[in-house]
Structure formats: C-alpha cells, structure tokens
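Novice: Pasting target18.txt below, which is compact mmCIF, C-alpha atoms.
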```
# COMPACT_ATOMS: atom_id res chain seq x y z
CA MET A 1 5.58 2.96 41.88
CA ASN A 2 6.10 -0.41 43.48
CA ALA A 3 4.40 -3.46 42.06
CA GLY A 4 1.94 -3.96 44.87
CA PHE A 5 1.14 -0.37 45.91
CA ASN A 6 1.50 -1.54 49.52
CA GLY A 7 0.23 1.02 51.99
CA PHE A 8 -1.97 2.77 49.42
CA TYR A 9 -4.92 2.60 51.78
CA GLY A 10 -3.01 2.82 55.05
CA ASP A 11 -2.18 5.81 57.21
CA ASN A 12 0.93 6.71 55.26
CA ASN A 13 0.27 8.32 51.90
CA ILE A 14 3.54 7.46 50.16
CA GLU A 15 1.84 5.48 47.41
CA LEU A 16 -0.95 8.02 47.01
CA ASP A 17 1.69 10.74 46.64
CA LEU A 18 3.37 8.68 43.92
CA ILE A 19 0.06 8.11 42.16
CA GLN A 20 -0.82 11.80 42.26
CA ARG A 21 2.53 12.58 40.65
CA ASP A 22 1.37 10.40 37.75
CA PHE A 23 -1.71 12.62 37.30
CA PRO A 24 -0.59 16.26 36.82
CA VAL A 25 -4.14 17.59 37.17
CA THR A 26 -4.01 16.76 40.91
CA ARG A 27 -1.34 19.46 41.40
CA LYS A 28 -3.77 22.16 40.31
CA LYS A 29 -7.32 20.91 40.77
CA VAL A 30 -9.64 18.58 42.60
CA TYR A 31 -10.75 16.58 39.60
CA MET A 32 -13.89 14.52 40.28
CA ASN A 33 -15.48 14.19 36.86
CA ASN A 34 -14.16 10.73 36.05
CA GLY A 35 -17.64 9.52 35.13
CA ALA A 36 -17.25 11.70 32.01
CA ILE A 37 -13.56 11.59 31.09
CA ALA A 38 -10.70 10.68 33.40
CA PRO A 39 -7.19 12.13 33.18
CA ILE A 40 -4.48 9.79 31.93
CA PRO A 41 -1.28 8.97 33.83
CA ILE A 42 2.14 10.15 32.67
CA SER A 43 3.10 6.54 31.83
CA THR A 44 0.22 6.37 29.33
CA ILE A 45 1.27 9.65 27.71
CA LYS A 46 4.78 8.21 27.39
CA SER A 47 3.47 4.99 25.83
CA ILE A 48 1.56 6.95 23.19
CA THR A 49 4.62 9.09 22.46
CA ASP A 50 6.88 6.02 22.29
CA PHE A 51 4.49 4.40 19.82
CA LEU A 52 4.45 7.44 17.54
CA LEU A 53 8.24 7.79 17.68
CA LYS A 54 8.71 4.11 16.79
CA TYR A 55 6.08 4.43 14.06
CA SER A 56 7.96 7.38 12.55
CA LYS A 57 11.44 5.93 13.04
CA ASP A 58 10.79 2.44 11.61
CA GLY A 59 8.38 3.55 8.88
CA PRO A 60 4.58 3.44 9.21
CA ASP A 61 4.12 0.74 6.55
CA SER A 62 7.10 -1.41 7.46
CA LYS A 63 6.92 -5.08 8.40
CA MET A 64 8.47 -4.21 11.75
CA ILE A 65 5.67 -1.77 12.61
CA TYR A 66 2.98 -4.15 11.37
CA GLU A 67 4.29 -6.91 13.65
CA TYR A 68 4.59 -4.44 16.52
CA ILE A 69 0.96 -3.32 16.12
CA VAL A 70 -0.28 -6.93 15.95
CA SER A 71 1.65 -7.71 19.13
CA LEU A 72 0.37 -4.56 20.84
CA MET A 73 -3.27 -5.35 20.03
CA LYS A 74 -2.81 -8.87 21.35
CA GLU A 75 -1.33 -7.51 24.59
CA LEU A 76 -4.30 -5.16 25.02
CA ARG A 77 -6.74 -7.99 24.38
CA ILE A 78 -4.99 -10.15 26.99
CA ARG A 79 -5.35 -7.38 29.59
CA ILE A 80 -9.04 -6.96 28.74
CA THR A 81 -9.61 -10.70 29.21
CA HIS A 82 -8.20 -10.28 32.72
CA LEU A 83 -10.42 -7.27 33.26
CA ILE A 84 -13.83 -8.66 32.23
CA ASN A 85 -13.25 -12.46 32.05
CA CYS A 86 -13.74 -13.05 28.33
CA ASP A 87 -11.80 -14.64 25.46
CA LEU A 88 -9.36 -12.88 23.14
CA ASP A 89 -11.55 -13.22 20.04
CA GLU A 90 -14.55 -11.66 21.80
CA ILE A 91 -12.92 -8.22 21.98
CA VAL A 92 -13.53 -5.59 19.30
CA PHE A 93 -11.76 -2.22 19.36
CA THR A 94 -14.13 0.71 18.85
CA GLN A 95 -14.12 4.47 19.21
CA SER A 96 -16.49 4.61 22.18
CA THR A 97 -19.31 2.99 24.14
CA THR A 98 -21.77 4.57 21.74
CA GLU A 99 -20.19 2.90 18.74
CA GLY A 100 -20.28 -0.50 20.43
CA LEU A 101 -23.96 -0.19 21.33
CA ASN A 102 -24.73 0.86 17.75
CA TYR A 103 -23.02 -2.33 16.51
CA VAL A 104 -25.80 -4.23 18.27
CA CYS A 105 -28.66 -1.89 17.48
CA ASN A 106 -27.87 -1.69 13.77
CA GLY A 107 -26.42 -5.18 13.33
CA ILE A 108 -29.37 -7.38 14.28
CA ASN A 109 -31.80 -8.36 11.53
CA TRP A 110 -34.88 -6.88 13.18
CA GLU A 111 -38.45 -7.61 12.19
CA GLU A 112 -41.34 -5.20 12.57
CA ASN A 113 -43.03 -7.06 15.43
CA ASP A 114 -39.87 -7.41 17.50
CA SER A 115 -39.61 -5.71 20.87
CA ILE A 116 -36.79 -4.56 23.16
CA ILE A 117 -36.79 -4.15 26.94
CA ILE A 118 -35.07 -1.00 28.17
CA ARG A 119 -34.82 0.42 31.67
CA GLY A 120 -36.39 3.78 32.36
CA GLY A 121 -36.27 5.26 28.87
CA THR A 122 -34.87 8.78 29.13
CA HIS A 123 -33.38 7.97 32.55
CA GLU A 124 -30.82 5.90 30.63
CA HIS A 125 -27.73 7.56 29.19
CA TYR A 126 -28.53 8.76 25.68
CA ALA A 127 -25.88 6.38 24.28
CA ASN A 128 -28.11 3.51 25.45
CA TYR A 129 -31.42 5.11 24.58
CA LEU A 130 -31.27 7.16 21.38
CA PRO A 131 -30.05 4.27 19.16
CA TRP A 132 -32.97 2.10 20.31
CA LEU A 133 -35.43 4.98 19.99
CA GLN A 134 -34.24 5.60 16.43
CA LEU A 135 -34.55 1.87 15.72
CA SER A 136 -38.16 1.88 16.92
CA LYS A 137 -38.99 4.71 14.53
CA ARG A 138 -37.00 3.29 11.63
CA LYS A 139 -37.95 -0.39 11.87
CA GLY A 140 -41.14 -0.34 13.92
CA VAL A 141 -39.49 -2.26 16.76
CA LYS A 142 -41.37 -1.74 20.03
CA LEU A 143 -39.62 -0.36 23.11
CA ASN A 144 -40.91 -1.76 26.38
CA GLU A 145 -39.66 0.73 28.97
CA LEU A 146 -39.43 -0.50 32.56
CA GLU A 147 -40.84 1.83 35.18
CA ILE A 148 -38.24 2.92 37.72
CA ASP A 149 -38.01 4.35 41.23
CA GLU A 150 -36.11 7.50 42.27
CA ASN A 151 -32.74 5.74 42.15
CA GLY A 152 -33.39 4.07 38.80
CA TYR A 153 -34.25 0.54 39.95
CA PHE A 154 -37.00 -1.45 38.28
CA ASP A 155 -39.47 -4.14 39.34
CA PHE A 156 -38.52 -7.67 38.26
CA THR A 157 -42.19 -8.52 37.87
CA ASN A 158 -42.42 -6.07 34.96
CA LEU A 159 -39.16 -7.34 33.49
CA GLU A 160 -40.37 -10.94 33.53
CA LYS A 161 -43.73 -9.93 32.07
CA PHE A 162 -42.04 -8.28 29.07
CA ALA A 163 -39.45 -11.07 28.77
CA LYS A 164 -42.14 -13.72 28.38
CA LYS A 165 -43.72 -11.94 25.44
CA LYS A 166 -43.27 -13.89 22.20
CA ASN A 167 -41.48 -11.26 20.13
CA THR A 168 -39.04 -9.92 22.74
CA ARG A 169 -35.58 -10.09 21.15
CA LEU A 170 -33.27 -8.17 23.46
CA ILE A 171 -32.80 -6.60 26.91
CA THR A 172 -30.50 -3.58 27.11
CA LEU A 173 -29.33 -2.24 30.46
CA SER A 174 -26.70 0.02 32.00
CA HIS A 175 -24.52 -1.82 34.50
CA ALA A 176 -24.40 1.28 36.69
CA LEU A 177 -26.27 4.53 36.14
CA TYR A 178 -24.42 7.64 35.02
CA ASN A 179 -26.72 9.92 37.02
CA SER A 180 -27.55 8.15 40.31
CA GLY A 181 -24.57 5.78 40.54
CA ALA A 182 -26.90 2.86 41.29
CA ILE A 183 -25.56 -0.56 40.31
CA MET A 184 -28.20 -2.50 38.43
CA PRO A 185 -29.02 -6.20 39.09
CA VAL A 186 -27.30 -7.34 35.91
CA GLU A 187 -26.73 -10.97 36.94
CA GLU A 188 -30.36 -11.49 37.93
CA THR A 189 -31.44 -9.87 34.66
CA GLY A 190 -29.05 -12.15 32.77
CA LYS A 191 -30.77 -15.17 34.32
CA ILE A 192 -34.14 -13.94 33.01
CA ALA A 193 -32.62 -13.35 29.58
CA ARG A 194 -31.27 -16.92 29.46
CA GLU A 195 -34.52 -18.47 30.65
CA ASN A 196 -36.40 -16.71 27.88
CA ASN A 197 -33.75 -17.07 25.15
CA ILE A 198 -33.35 -13.29 24.80
CA LEU A 199 -30.24 -11.41 23.70
CA TYR A 200 -28.70 -9.27 26.43
CA CYS A 201 -26.70 -6.05 25.97
CA ILE A 202 -24.84 -4.09 28.66
CA ASP A 203 -23.64 -0.48 28.74
CA ALA A 204 -20.69 -0.77 31.13
CA ALA A 205 -19.36 2.78 30.75
CA GLN A 206 -19.67 3.47 34.47
CA THR A 207 -18.36 0.18 35.83
CA VAL A 208 -15.34 -1.21 33.98
CA GLY A 209 -12.36 0.13 35.90
CA SER A 210 -14.37 1.11 38.97
CA ILE A 211 -15.93 -2.19 40.09
CA LYS A 212 -15.37 -5.85 39.23
CA VAL A 213 -17.02 -6.83 35.95
CA ASP A 214 -17.39 -10.45 34.82
CA VAL A 215 -19.24 -11.04 31.55
CA LYS A 216 -19.57 -14.74 32.28
CA LYS A 217 -21.38 -14.10 35.57
CA ILE A 218 -23.52 -11.37 34.03
CA GLY A 219 -24.42 -13.65 31.14
CA CYS A 220 -24.57 -10.90 28.54
CA HIS A 221 -24.06 -11.40 24.81
CA PHE A 222 -22.77 -7.86 24.24
CA MET A 223 -21.06 -5.21 26.35
CA ALA A 224 -19.63 -1.81 25.45
CA PHE A 225 -17.39 0.51 27.45
CA PRO A 226 -14.87 3.30 26.82
CA GLY A 227 -11.17 3.43 27.57
CA PHE A 228 -11.31 7.05 28.67
CA LYS A 229 -13.48 6.96 31.79
CA TRP A 230 -12.58 4.73 34.76
CA LEU A 231 -9.75 3.02 32.87
CA CYS A 232 -7.86 6.34 32.58
CA GLY A 233 -7.05 5.66 28.93
CA PRO A 234 -6.87 8.07 25.99
CA ILE A 235 -9.96 9.43 24.29
CA GLY A 236 -11.13 7.92 21.03
CA ILE A 237 -10.85 4.25 21.95
CA GLY A 238 -13.44 1.89 23.40
CA ILE A 239 -14.16 -1.82 23.69
CA PHE A 240 -17.05 -3.88 22.39
CA TYR A 241 -17.40 -7.36 23.89
CA CYS A 242 -19.26 -9.71 21.57
CA SER A 243 -19.68 -13.28 22.80
CA LYS A 244 -18.73 -16.06 20.40
CA ASN A 245 -22.23 -17.47 20.23
CA ALA A 246 -23.70 -14.08 19.31
CA SER A 247 -21.14 -12.71 16.84
CA GLU A 248 -22.79 -14.41 13.86
CA LEU A 249 -26.08 -12.71 14.74
CA LEU A 250 -24.66 -9.26 13.98
CA ILE A 251 -24.33 -7.94 10.45
CA PRO A 252 -21.24 -5.67 10.34
CA GLN A 253 -22.21 -2.12 9.46
CA SER A 254 -19.06 -1.43 7.47
CA ILE A 255 -16.93 -3.66 5.28
CA GLY A 256 -13.43 -3.63 3.84
CA GLY A 257 -10.34 -5.68 3.18
CA GLU A 258 -9.62 -6.05 6.88
CA SER A 259 -13.04 -7.53 7.67
CA ALA A 260 -14.09 -9.55 4.63
CA MET A 261 -12.92 -11.17 1.40
CA LEU A 262 -14.34 -12.12 -1.96
CA SER A 263 -15.67 -15.65 -2.24
CA ASP A 264 -16.73 -17.54 -5.38
CA GLN A 265 -18.70 -15.60 -8.04
CA LYS A 266 -17.92 -12.28 -6.35
CA GLY A 267 -19.72 -13.19 -3.15
CA ILE A 268 -18.62 -11.77 0.20
CA ALA A 269 -17.25 -13.83 3.08
CA TYR A 270 -16.71 -12.12 6.41
CA ILE A 271 -13.57 -12.92 8.38
CA GLU A 272 -14.16 -14.42 11.81
CA SER A 273 -14.73 -12.17 14.81
CA PRO A 274 -13.30 -9.84 15.99
CA GLN A 275 -11.81 -8.86 12.60
CA ARG A 276 -15.24 -8.94 10.94
CA PHE A 277 -16.21 -5.82 12.93
CA GLN A 278 -12.90 -3.95 12.57
CA THR A 279 -12.92 -2.33 9.14
CA GLY A 280 -9.98 -0.11 8.26
CA PHE A 281 -7.22 1.11 10.51
CA ARG A 282 -7.78 1.27 14.26
CA ASN A 283 -6.65 3.98 16.66
CA TYR A 284 -3.22 2.42 17.18
CA PRO A 285 -1.81 5.23 19.36
CA GLY A 286 -4.95 4.79 21.45
CA VAL A 287 -4.30 1.03 21.63
CA ALA A 288 -0.79 1.75 22.96
CA GLY A 289 -2.19 4.20 25.49
CA LEU A 290 -5.03 1.99 26.69
CA GLU A 291 -2.70 -1.01 27.06
CA SER A 292 -0.48 1.13 29.29
CA SER A 293 -3.44 2.40 31.33
CA LEU A 294 -4.74 -1.13 31.82
CA ARG A 295 -1.35 -2.23 33.14
CA TYR A 296 -1.63 0.63 35.64
CA ILE A 297 -5.21 -0.20 36.65
CA LEU A 298 -4.64 -3.95 36.94
CA ARG A 299 -1.49 -3.41 39.00
CA LEU A 300 -3.50 -1.36 41.46
CA GLY A 301 -6.26 -3.95 41.51
CA ILE A 302 -9.95 -3.31 40.82
CA ALA A 303 -10.96 -4.27 44.38
CA ASN A 304 -8.47 -1.77 45.82
CA ILE A 305 -9.65 0.93 43.44
CA HIS A 306 -13.28 0.31 44.34
CA ASN A 307 -12.59 0.43 48.07
CA LYS A 308 -10.67 3.69 47.72
CA ASN A 309 -13.33 5.26 45.51
CA ILE A 310 -16.14 4.35 47.90
CA LYS A 311 -14.16 5.73 50.85
CA ILE A 312 -13.86 9.12 49.13
CA ALA A 313 -17.50 9.00 48.01
CA ASN A 314 -18.67 8.27 51.55
CA ILE A 315 -16.78 11.30 52.88
CA LEU A 316 -18.45 13.48 50.25
CA ARG A 317 -21.85 12.02 51.05
CA SER A 318 -21.53 12.36 54.83
CA GLU A 319 -20.33 15.96 54.60
CA LEU A 320 -22.80 17.09 51.94
CA VAL A 321 -25.84 16.00 53.96
CA LYS A 322 -24.83 18.49 56.65
CA ILE A 323 -25.36 21.42 54.27
CA PRO A 324 -28.87 22.96 54.44
CA GLY A 325 -30.84 22.60 51.20
CA ILE A 326 -28.75 19.71 49.85
CA LYS A 327 -30.49 16.51 48.72
CA ILE A 328 -28.39 13.49 47.76
CA TYR A 329 -29.63 10.98 45.20
CA GLY A 330 -28.61 7.37 44.74
CA PRO A 331 -28.64 4.36 47.08
CA GLU A 332 -27.50 4.86 50.66
CA ASP A 333 -26.02 1.36 50.77
CA GLU A 334 -22.43 1.64 49.50
CA LYS A 335 -22.62 -1.91 48.09
CA ALA A 336 -25.42 -0.80 45.77
CA ARG A 337 -23.59 2.14 44.16
CA THR A 338 -20.39 3.25 42.52
CA SER A 339 -18.43 6.29 43.71
CA ILE A 340 -20.81 8.61 41.83
CA ILE A 341 -22.45 11.07 44.23
CA PRO A 342 -25.31 13.12 42.71
CA PHE A 343 -26.83 15.98 44.69
CA TYR A 344 -29.22 18.90 44.35
CA SER A 345 -29.13 22.23 46.14
CA SER A 346 -32.29 24.25 46.65
CA ASN A 347 -30.04 27.32 46.97
CA SER A 348 -28.36 27.13 43.57
CA ASP A 349 -29.11 25.64 40.18
CA ALA A 350 -26.75 22.86 39.16
CA ARG A 351 -25.08 24.65 36.24
CA ASN A 352 -24.28 27.70 38.33
CA LEU A 353 -22.81 25.60 41.13
CA VAL A 354 -20.67 23.53 38.74
CA ASP A 355 -19.36 26.71 37.08
CA LYS A 356 -18.48 28.34 40.39
CA LEU A 357 -16.77 25.18 41.60
CA GLU A 358 -14.65 25.15 38.43
CA GLN A 359 -13.64 28.74 39.13
CA ASN A 360 -12.36 27.37 42.45
CA ASP A 361 -10.48 24.50 40.75
CA ILE A 362 -13.05 21.86 41.75
CA ILE A 363 -14.23 19.84 38.73
CA PHE A 364 -17.69 18.27 39.07
CA ALA A 365 -20.38 17.89 36.39
CA GLU A 366 -24.00 18.79 35.73
CA ARG A 367 -26.27 15.89 34.81
CA ASP A 368 -29.97 15.03 34.49
CA ILE A 369 -31.44 12.81 37.22
CA GLY A 370 -34.70 12.30 35.31
CA ARG A 371 -37.67 14.29 34.06
CA GLY A 372 -35.39 17.22 33.23
CA LYS A 373 -34.20 17.76 36.82
CA LYS A 374 -30.57 18.86 36.88
CA ILE A 375 -28.17 17.75 39.60
CA VAL A 376 -24.47 18.11 40.38
CA ARG A 377 -22.45 14.92 40.02
CA ALA A 378 -19.17 14.11 41.73
CA SER A 379 -17.33 11.01 40.50
CA PRO A 380 -14.04 10.53 42.41
CA HIS A 381 -11.37 8.02 41.42
CA PHE A 382 -8.35 6.38 43.07
CA PHE A 383 -6.01 9.38 42.62
CA ASN A 384 -8.32 11.56 44.73
CA SER A 385 -7.59 11.97 48.44
CA GLU A 386 -9.72 12.39 51.53
CA GLU A 387 -8.45 15.97 51.65
CA ASP A 388 -9.84 16.50 48.14
CA ALA A 389 -13.30 15.49 49.35
CA VAL A 390 -13.15 17.78 52.38
CA LYS A 391 -11.86 20.67 50.28
CA ALA A 392 -14.62 20.22 47.69
CA VAL A 393 -17.38 20.27 50.31
CA SER A 394 -15.81 23.33 51.97
CA ARG A 395 -15.94 25.20 48.64
CA ILE A 396 -19.56 24.16 48.16
CA LYS A 397 -20.45 25.55 51.58
CA ASN A 398 -18.76 28.87 50.79
CA ILE A 399 -20.50 29.16 47.40
CA LEU A 400 -23.94 28.43 48.87
CA LYS A 401 -23.66 30.94 51.76
```
Written as structure tokens, how would this file's structure read?

Specialist:
Amino acid sequence: MNAGFNGFYGDNNIELDLIQRDFPVTRKKVYMNNGAIAPIPISTIKSITDFLLKYSKDGPDSKMIYEYIVSLMKELRIRITHLINCDLDEIVFTQSTTEGLNYVCNGINWEENDSIIIRGGTHEHYANYLPWLQLSKRKGVKLNELEIDENGYFDFTNLEKFAKKKNTRLITLSHALYNSGAIMPVEETGKIARENNILYCIDAAQTVGSIKVDVKKIGCHFMAFPGFKWLCGPIGIGIFYCSKNASELLIPQSIGGESAMLSDQKGIAYIESPQRFQTGFRNYPGVAGLESSLRYILRLGIANIHNKNIKIANILRSELVKIPGIKIYGPEDEKARTSIIPFYSSNSDARNLVDKLEQNDIIFAERDIGRGKKIVRASPHFFNSEEDAVKAVSRIKNILK
C-alpha cells in the first residue's frame, strides 16, 4: 500500500485491489456487516502476532516488555487523539462500548429524584438503553424518553422541555443509529446540554471510523466506542472518552493497585485519570492490534472512507428500491446517514432473507427497526466494491423471485 492511497476512488482499482488483499474475507464473500463486527486487515493480525512473540521471547514480566507495553499504549492514545480530537489522559481502554457506557451509568452518584433524557427508548441499541433502564429500577432515576419519527429523529422542543427540568442530570444519545443509519444532531444537543449544565454521554459505536467525530465540537463529557466495528480492530477492546472536567464525577466501579493507592490511616486515593478507571491488566494484544488498525484507518483518511462508504451505500439503495415489495428505511439525504442501509421485504421475513444471503456468501444482518419490526441491514465499508453492491442486490432479487 502506498502512503496516500492515490487513485483509491478513481477509475483504476489498483489501490482497492491492494486493500482487498489485506482483507481475506473479500476473496470469498461480500461482507457487509461492519456495523456489527468488521474483519481485520492482515497487518493487524501480524501486529498481534508480533506482540505475542515479543512477549514470549523477552519474558512477560520483564522490564523490556513493561516499557514496550507503556510505549504501545501511548502510541494508541496518540492515534485516538487524532481520531476524535481529545487529550491523551481522556482515553480509557475498555472491553467494549457497553463497558464504557456502564462506567457512566454506574459511576455517577445518583439521587432518587434525578432524571435522564434518552432518545426513543427501545429504538436505541440495548447497550445504550438497558443500563439506564436498570438504573431507573435500581435507583429510582426517571427516564425521560424522547418521542421519535420513523427514522429515529426527535423534536428539539421536547428535548429542551426535559433539559430545563430541575433534576435532569444527563442526556444520553447515539451518534448514529444502529438500525436506521440516521446521524443524530449531536452538536445541537451538546449546546442544549451546556446551556442547562447537564452531563452528556454519546454512544459512538456506529460513527468512529466511518464519519468524522470531534468530541470538542460535540461537547460531550463521555463517549464510548468499540475497536472492532468501523475501526477494523480486534474484538475485546474498546475506548471510553472521559473529559477532564468530568472524570472526578465518576466513581470507578473496580479498584486495584493499578488504579488507586493507600493514603493515610488506610484511606484510598485514586490515581488520576485514565489510570483510575483501568484496574488490572488490559487487553495488550488488543492494544497492539487496534494501534495497527488505526494506523491503517488514519492513513486512508476518514473523509475518504466516508465518501467511499456512501458511494457503495447509494448503489445499494438505488438498486434495492427497484425490487417490488422492498421498503428502505433511514434518511434519503446521504449527508444525514452513515453507510447503513436498512430494508424490509414484504416477500420474505428478515431472518430468512439474511440466512439465504449467507448461503450465497453475502453477509448482511437482521436488526430491529422499532416496535419489534425486523429488517435486513447492510453496512458496507471501504474494502467493499461497487461490484459487491451490484452482486448483493442481484442475489436478493433471485432469492425473492
């Protein structure tokens, strides 16, 4: 691969061919389930293997390995600062988006009369709904659920009404929706949060790596996202962004020698963030893998990735609407959505269609679009080609005949 990936979006497909060589799944399948878990490039697999070999060769508890791991974690943090525009000490390594969101949900000292604003209730991904629902039952915190339209958007009048209530402590919102692909107005919501002195938490599982994300512009205090979706990193590692001015508001949910120390008279003193939230060993092979994947993603460029993804998504969308009985969900305006394309067929239930597509080496997913209605979701990424989109739609046509 050359440093600039010149020509990646032009008529010649040299760079795309090189990229597809980095993703072995593309030799066998049309993989468009990146909104769940993305494949990882060969270079990331090599980085994980190299880490484990060095770990074994130099001794897992040696000074050399310790210094190597410290350096590796710093490198990963530097790449994340470039990715989301934050500071090094605002980055906490987690297992997943879910774990990061639970840091917020379980770390705030809630009072019984407190309330939380959440968009659409069960229309949210369960990772950003079930923790808050459990909190409401456990602590008596009230959930104010914003009514939504078919694509998942909400009315700002309702948001402002809830935000002005005396006991509102936090707004939690997905940056982009896992089911409709709609990009939420996170910056406008951040402005309302600031004006009303409310904490603001973002689930960015469907945006980091697929569109530009800037925590400073969004104005959020917390953000969680995984390494294994649009960043093409290994499973079992995620990132929790915790702004400096909000880190002291969270009580760490676990404690150990890495996160705290004894103070006078056997008291406990937490180490400064991010270490205060990182008890025990981290997923160091995952750190090595994610650092490699981020080098890959940042070299391509988020803007280039987004443009490519939308191009493939638009081909899917324009071809799917020609099939009788197909209804496409999500915004029509490409600026208002990610590359996620959700659709429903009146001629086949979603699970059956997804299964038959997999039998034809086309990997989509079944998801819930709201109120229990199941849809098929395609989520293409930069290693997919226009031919992949055409082939996928052709298979769908054949299955539905």

Novice: Each residue of stretch 125-223 of chain A with at least one atom at most 9 Å from stretch 367-390 of chain A should appear once, together with its nearest atom pair and the corresponding distance in Å (one decimal); atoms considered: only C-alpha atoms; ordering: chain, then increasing residue number; output as a Markdown table.

Specialist:
```
| residue | atom | partner | partner_atom | distance |
| --- | --- | --- | --- | --- |
| A:Glu150 | CA | A:Gly370 | CA | 8.6 |
| A:Asn151 | CA | A:Ile369 | CA | 8.7 |
| A:Tyr178 | CA | A:Arg367 | CA | 8.5 |
| A:Asn179 | CA | A:Ile369 | CA | 5.5 |
| A:Ser180 | CA | A:Ile369 | CA | 6.8 |
| A:Gly181 | CA | A:Ser379 | CA | 8.9 |
| A:Ser210 | CA | A:His381 | CA | 7.9 |
```

Novice: Would you mind telling me which residue in A:Tyr241, A:Trp132, A:Tyr31, A:Phe51 lies nearest to A:Phe364 when using all atoms listed in the file?

Specialist: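 Once distances to A:Phe364 are computed over all atoms listed in the file, the minimum belongs to A:Tyr31.
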
Novice: Please indicate the distance in Å from atom CA of A:Ser247 to atom CA of A:Leu298, rounded to one decimal place.

Specialist: 27.4 Å

Novice: Compare A:Ile84, A:Ile69, A:Val287, A:Met32 by their minimum atom-to-atom distance to A:Ala313, counting all atoms listed in the file, and give me the closest one.

Specialist: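 That would be A:Met32, the residue with the smallest distance to A:Ala313.
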
Novice: Sorted by chain and rising residue number, list the residues of stretch 196-292 of chain A at most 9 Å from stretch 41-50 of chain A (counting all atoms listed in the file), each with its closest atom pair and distance in Å to one decimal, as JSON lines.

Specialist:
```
{"residue": "A:Cys232", "atom": "CA", "partner": "A:Pro41", "partner_atom": "CA", "distance": 7.2}
{"residue": "A:Gly233", "atom": "CA", "partner": "A:Thr44", "partner_atom": "CA", "distance": 7.3}
{"residue": "A:Pro234", "atom": "CA", "partner": "A:Thr44", "partner_atom": "CA", "distance": 8.0}
{"residue": "A:Tyr284", "atom": "CA", "partner": "A:Ile48", "partner_atom": "CA", "distance": 8.9}
{"residue": "A:Pro285", "atom": "CA", "partner": "A:Ile48", "partner_atom": "CA", "distance": 5.4}
{"residue": "A:Gly286", "atom": "CA", "partner": "A:Ile48", "partner_atom": "CA", "distance": 7.1}
{"residue": "A:Val287", "atom": "CA", "partner": "A:Ile48", "partner_atom": "CA", "distance": 8.5}
{"residue": "A:Ala288", "atom": "CA", "partner": "A:Ile48", "partner_atom": "CA", "distance": 5.7}
{"residue": "A:Gly289", "atom": "CA", "partner": "A:Thr44", "partner_atom": "CA", "distance": 5.0}
{"residue": "A:Leu290", "atom": "CA", "partner": "A:Thr44", "partner_atom": "CA", "distance": 7.3}
{"residue": "A:Glu291", "atom": "CA", "partner": "A:Thr44", "partner_atom": "CA", "distance": 8.3}
{"residue": "A:Ser292", "atom": "CA", "partner": "A:Thr44", "partner_atom": "CA", "distance": 5.3}
```
